[in-house]
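Engineer: Just one file: query.txt, with compact mmCIF, C-alpha atoms.
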# COMPACT_ATOMS: atom_id res chain seq x y z
CA MET A 1 134.30 73.74 149.56
CA THR A 2 133.77 77.48 149.13
CA GLY A 3 135.05 80.03 146.65
CA PRO A 4 134.69 80.56 142.92
CA HIS A 5 135.05 76.84 142.12
CA ALA A 6 132.60 75.54 144.73
CA PRO A 7 129.91 73.23 143.35
CA PRO A 8 126.43 74.76 142.98
CA LEU A 9 124.45 74.90 146.19
CA ARG A 10 121.81 72.23 146.64
CA GLY A 11 118.48 72.55 148.43
CA SER A 12 117.13 75.87 149.66
CA LEU A 13 119.24 78.95 149.01
CA PRO A 14 119.94 81.73 151.51
CA PRO A 15 118.54 85.20 150.80
CA GLU A 16 120.01 87.04 147.80
CA GLY A 17 123.46 88.44 148.64
CA ALA A 18 123.95 86.33 151.77
CA ASP A 19 126.91 83.99 152.00
CA PRO A 20 125.76 80.52 153.05
CA ALA A 21 129.01 80.15 155.06
CA GLY A 22 128.54 83.57 156.67
CA GLY A 23 131.77 85.10 155.33
CA GLY A 24 130.71 87.96 153.06
CA PRO A 25 128.68 88.22 149.87
CA ALA A 26 127.57 84.98 148.23
CA PRO A 27 128.80 84.11 144.75
CA ASP A 28 126.29 84.92 142.03
CA ARG A 29 124.78 81.56 141.03
CA ARG A 30 122.16 82.96 138.61
CA ARG A 31 122.82 81.32 135.28
CA PRO A 32 123.09 83.98 132.51
CA PHE A 33 122.26 81.47 129.75
CA LYS A 34 119.86 78.60 128.98
CA VAL A 35 120.39 75.07 127.77
CA LEU A 36 117.64 74.85 125.16
CA GLY A 37 117.79 71.19 124.13
CA ILE A 38 119.82 68.46 122.44
CA GLN A 39 121.68 69.65 119.36
CA GLN A 40 123.54 66.42 118.58
CA VAL A 41 124.62 62.99 119.63
CA ALA A 42 128.00 61.82 118.32
CA ILE A 43 128.64 58.12 117.93
CA GLY A 44 132.08 56.74 117.22
CA GLY A 45 133.25 53.47 115.77
CA PRO A 46 136.13 52.02 113.78
CA ASP A 47 134.00 51.95 110.58
CA LYS A 48 131.30 54.53 109.93
CA GLN A 49 129.79 52.31 107.19
CA ARG A 50 128.76 49.87 109.92
CA LEU A 51 127.24 52.75 111.87
CA GLN A 52 125.36 53.84 108.73
CA THR A 53 123.84 50.37 108.38
CA LEU A 54 121.92 50.92 111.61
CA TRP A 55 121.34 54.67 111.67
CA VAL A 56 120.70 55.35 107.96
CA GLU A 57 119.57 52.07 106.39
CA MET A 58 117.61 50.61 109.32
CA LEU A 59 116.42 53.68 111.25
CA GLY A 60 116.03 55.99 108.26
CA LEU A 61 118.13 58.98 109.27
CA GLU A 62 119.20 61.20 106.40
CA VAL A 63 122.87 61.97 105.72
CA THR A 64 122.93 65.77 105.45
CA GLY A 65 126.67 66.38 105.28
CA THR A 66 130.19 65.19 105.97
CA PHE A 67 133.14 66.55 107.92
CA ARG A 68 136.84 65.58 107.86
CA SER A 69 139.48 67.05 110.12
CA GLU A 70 143.09 65.96 110.51
CA ARG A 71 143.36 68.08 113.67
CA GLU A 72 140.37 66.34 115.25
CA ASN A 73 141.27 62.93 113.69
CA VAL A 74 137.74 62.45 112.42
CA ASP A 75 135.85 61.44 109.30
CA GLU A 76 132.15 61.83 110.03
CA ASP A 77 128.79 61.69 108.38
CA ILE A 78 126.31 64.21 109.72
CA CYS A 79 122.83 62.71 109.87
CA ALA A 80 119.55 64.23 111.00
CA MET A 81 116.34 63.26 112.73
CA GLY A 82 113.39 65.58 113.19
CA SER A 83 113.06 68.88 111.38
CA GLY A 84 113.30 72.63 111.68
CA PRO A 85 114.56 74.06 114.95
CA PHE A 86 113.97 70.73 116.70
CA LYS A 87 116.20 68.76 114.33
CA VAL A 88 118.84 66.70 116.15
CA GLU A 89 122.14 65.73 114.52
CA VAL A 90 123.46 62.22 114.86
CA ASP A 91 127.13 62.28 113.89
CA LEU A 92 128.60 58.94 112.81
CA MET A 93 132.36 59.18 113.35
CA GLN A 94 135.42 57.11 112.57
CA PRO A 95 139.06 58.08 113.14
CA LEU A 96 141.24 59.04 110.18
CA ASP A 97 144.05 57.20 111.97
CA PRO A 98 143.04 54.72 114.70
CA GLU A 99 146.47 55.10 116.35
CA LYS A 100 146.16 58.89 116.85
CA LYS A 101 144.31 61.07 119.35
CA PRO A 102 141.58 62.06 119.74
CA ALA A 103 140.36 58.49 119.43
CA VAL A 104 136.79 59.21 118.33
CA HIS A 105 136.06 55.49 118.03
CA THR A 106 137.06 54.27 121.50
CA THR A 107 134.01 55.71 123.22
CA PRO A 108 130.94 54.59 121.23
CA LEU A 109 128.86 57.46 122.62
CA ASN A 110 131.55 60.01 121.85
CA HIS A 111 129.78 63.15 123.05
CA ILE A 112 126.47 64.94 123.40
CA GLY A 113 125.85 68.46 122.09
CA LEU A 114 123.57 70.95 123.82
CA TRP A 115 122.01 74.05 122.26
CA ILE A 116 123.02 77.13 124.29
CA ASP A 117 121.32 80.50 123.87
CA ASP A 118 124.44 82.60 124.67
CA LEU A 119 127.64 80.57 124.31
CA PRO A 120 130.20 83.27 125.27
CA ARG A 121 128.28 84.12 128.46
CA ALA A 122 127.89 80.42 129.25
CA VAL A 123 131.64 79.82 128.91
CA GLU A 124 132.47 82.85 131.04
CA TRP A 125 130.01 81.92 133.79
CA LEU A 126 130.79 78.20 133.82
CA THR A 127 134.54 78.87 133.95
CA ALA A 128 134.00 81.19 136.94
CA GLN A 129 132.06 78.38 138.65
CA GLY A 130 134.98 75.94 138.24
CA VAL A 131 133.91 74.04 135.14
CA ARG A 132 136.80 72.63 133.11
CA PHE A 133 136.79 73.14 129.34
CA ALA A 134 138.72 71.08 126.81
CA PRO A 135 141.46 72.92 124.87
CA GLY A 136 140.44 74.80 121.75
CA GLY A 137 138.10 77.50 123.04
CA ILE A 138 135.06 78.65 121.08
CA ARG A 139 135.38 77.78 117.40
CA LYS A 140 133.33 76.78 114.36
CA GLY A 141 132.10 73.19 114.54
CA ALA A 142 131.37 70.66 111.82
CA ALA A 143 127.83 71.98 111.28
CA GLY A 144 128.99 75.62 111.10
CA TYR A 145 127.86 76.71 114.58
CA ASP A 146 130.18 78.11 117.25
CA ILE A 147 131.07 75.33 119.69
CA THR A 148 133.24 74.45 122.66
CA PHE A 149 133.65 71.33 124.77
CA LEU A 150 133.41 70.67 128.49
CA HIS A 151 136.28 68.41 129.52
CA PRO A 152 135.30 64.88 130.57
CA LYS A 153 137.66 64.98 133.59
CA SER A 154 138.04 67.55 136.35
CA ASN A 155 141.33 68.66 137.90
CA ASP A 156 142.41 70.63 140.98
CA GLU A 157 141.97 74.01 139.29
CA PHE A 158 138.62 73.13 137.72
CA PRO A 159 136.81 70.58 139.90
CA ILE A 160 133.62 70.37 137.79
CA ALA A 161 133.64 68.40 134.53
CA GLY A 162 131.68 65.84 132.52
CA GLU A 163 132.48 62.92 134.83
CA GLY A 164 133.71 60.85 131.90
CA VAL A 165 131.38 62.33 129.27
CA LEU A 166 132.55 64.86 126.68
CA ILE A 167 129.89 67.58 126.37
CA GLU A 168 129.73 69.98 123.44
CA LEU A 169 128.09 73.38 123.94
CA VAL A 170 126.67 74.72 120.68
CA GLN A 171 125.57 78.31 120.01
CA ALA A 172 121.93 78.08 118.98
CA PRO A 173 120.95 80.14 115.93
CA PRO A 174 118.12 82.70 116.33
CA GLU A 175 115.42 80.39 114.91
CA VAL A 176 116.25 77.67 117.44
CA ILE A 177 116.28 80.17 120.31
CA ALA A 178 112.88 81.51 119.20
CA ALA A 179 111.36 78.03 118.80
CA TYR A 180 112.50 76.88 122.25
CA SER A 181 111.44 80.20 123.82
CA ALA A 182 107.93 79.64 122.45
CA ILE A 183 107.60 76.30 124.27
CA MET A 184 109.52 77.04 127.50
Could you quickly redo this structure as structure tokens?
Structural biologist:
Amino acid sequence: MTGPHAPPLRGSLPPEGADPAGGGPAPDRRRPFKVLGIQQVAIGGPDKQRLQTLWVEMLGLEVTGTFRSERENVDEDICAMGSGPFKVEVDLMQPLDPEKKPAVHTTPLNHIGLWIDDLPRAVEWLTAQGVRFAPGGIRKGAAGYDITFLHPKSNDEFPIAGEGVLIELVQAPPEVIAAYSAIM
């Protein structure tokens, strides 16, 4: 497959500006953003108290906040492990209404969140490459950072997706960008 939605090239790349198929200039595959690290892991279940028994009582994570959203059908406890710019959220989620969508409890590992150094550029570039995003665009997430989601399923228009996994892209704040830059 060629064109703006072709999957990234694998193996050795042709010289800059050359089209691997020989039909004009090659698409620009240089990524204008970095994935810095894991921002969160979201775990869903029918009863977040049961999730807390393991994650808070047994494993010692700290509950640092809560988030409720009718629109997203979620009641979640925001927990944390680690500290500073390397802190990772573990969100323990239950649905407000188990009969409504999104069904945050039907996939125990609901989604994974990745710190991104430049979220708007990432969305623009990934969309141009054929990556499918879930509805909603860039918006404030539960922890106050700008977020968006990659769709778990591809379609004809956007053939690249999470292959069954919902992936959240999270705009990293300056201190996280600086901390990761220092070790990368």
Engineer: For region 100-112 of chain A, work out the shell of residues within 7 Å, counting all atoms listed in the file and skipping chain neighbours fewer than 5 positions away, then give it as a ChimeraX atom specification.
Structural biologist: /A:40-46,72-74,93-95,165-168
Engineer: In terms of the shortest atom-to-atom distance over only C-alpha atoms, which of A:Leu51, A:Ala80, A:Val176, A:Ile183 is closest to Asp117 (chain A)?
Structural biologist: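 Ranked by minimum distance to Asp117 (chain A), first place goes to A:Val176.
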Engineer: Calculated over all atoms listed in the file, which of the candidates A:Asp118, A:Leu96, A:Gln171, A:Cys79 has the smallest distance to Glu57 (chain A)?
Structural biologist: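 For Glu57 (chain A), the nearest of the given residues is A:Cys79.
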Engineer: Work out how far apart CA of Arg31 (chain A) and CA of Tyr145 (chain A) are and give it in Å to one decimal.
Structural biologist: 21.8 Å
Engineer: Pick from A:Ala128, A:Ile38, A:Ala142, A:Leu114: nearest to Glu76 (chain A), with all atoms listed in the file counted?
Structural biologist: A:Ala142
Engineer: Quick one: pull the distance between CA of Ile116 (chain A) and CA of Ala172 (chain A), Å, one decimal.
Structural biologist: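 We find that CA of Ile116 (chain A) and CA of Ala172 (chain A) lie 5.5 Å from each other.
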Engineer: CA of Phe149 (chain A) and CA of Val123 (chain A) are how many Å apart?
Structural biologist: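 These two atoms are separated by 9.7 Å.
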Engineer: Applying 6 Å and only C-alpha atoms, which residues near Gly130 (chain A) remain after dropping the ones on its own chain fewer than 2 positions away? List them as a VMD selection string.
Structural biologist: chain A and resid 5 127 to 128 158 to 160
Engineer: Which is closer to Gly65 (chain A) than all the others in A:Ala161, A:Val35, A:Ala143, A:Leu126, using all atoms listed in the file?
Structural biologist: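 Result for the nearest residue to Gly65 (chain A): A:Ala143.
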Engineer: Which is closer to Leu61 (chain A) than all the others in A:Glu124, A:Asp75, A:Asp91, A:Asp47, using only C-alpha atoms?
Structural biologist: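 Counting only C-alpha atoms, the residue closest to Leu61 (chain A) is A:Asp91.
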Engineer: For a quick check of your reading of the model, name the residues lying within 10 Å of the coordinate (124.6, 65.0, 102.2), counting only C-alpha atoms, and write them as a ChimeraX atom specification.
Structural biologist: /A:62-66,77-79
Engineer: Please determine, counting all atoms listed in the file, which residue among A:Gly37, A:Pro32, A:Pro152, A:Gly137 has the shortest atom-to-atom distance to Pro85 (chain A).
Structural biologist: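 Of all the options, A:Gly37 lies closest to Pro85 (chain A).
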Engineer: Name all residues at most 8 Å from Gln39 (chain A) (count only C-alpha atoms; drop same-chain ones fewer than 5 positions away) and give them as a list of chain:residue names.
Structural biologist: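 My reading of the contact set: A:Lys87, A:Val88, A:Glu89, A:Ile112, A:Gly113, A:Leu114, A:Trp115, A:Val170.
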Engineer: List the neighbours of Trp125 (chain A) out to 10 Å using all atoms listed in the file; skip same-chain residues closer than 3 positions along the sequence, and give me the result as JSON, numbers by chain.
Structural biologist: {"A": [28, 29, 30, 31, 32, 33, 119, 120, 121, 122, 128, 129, 130, 131]}
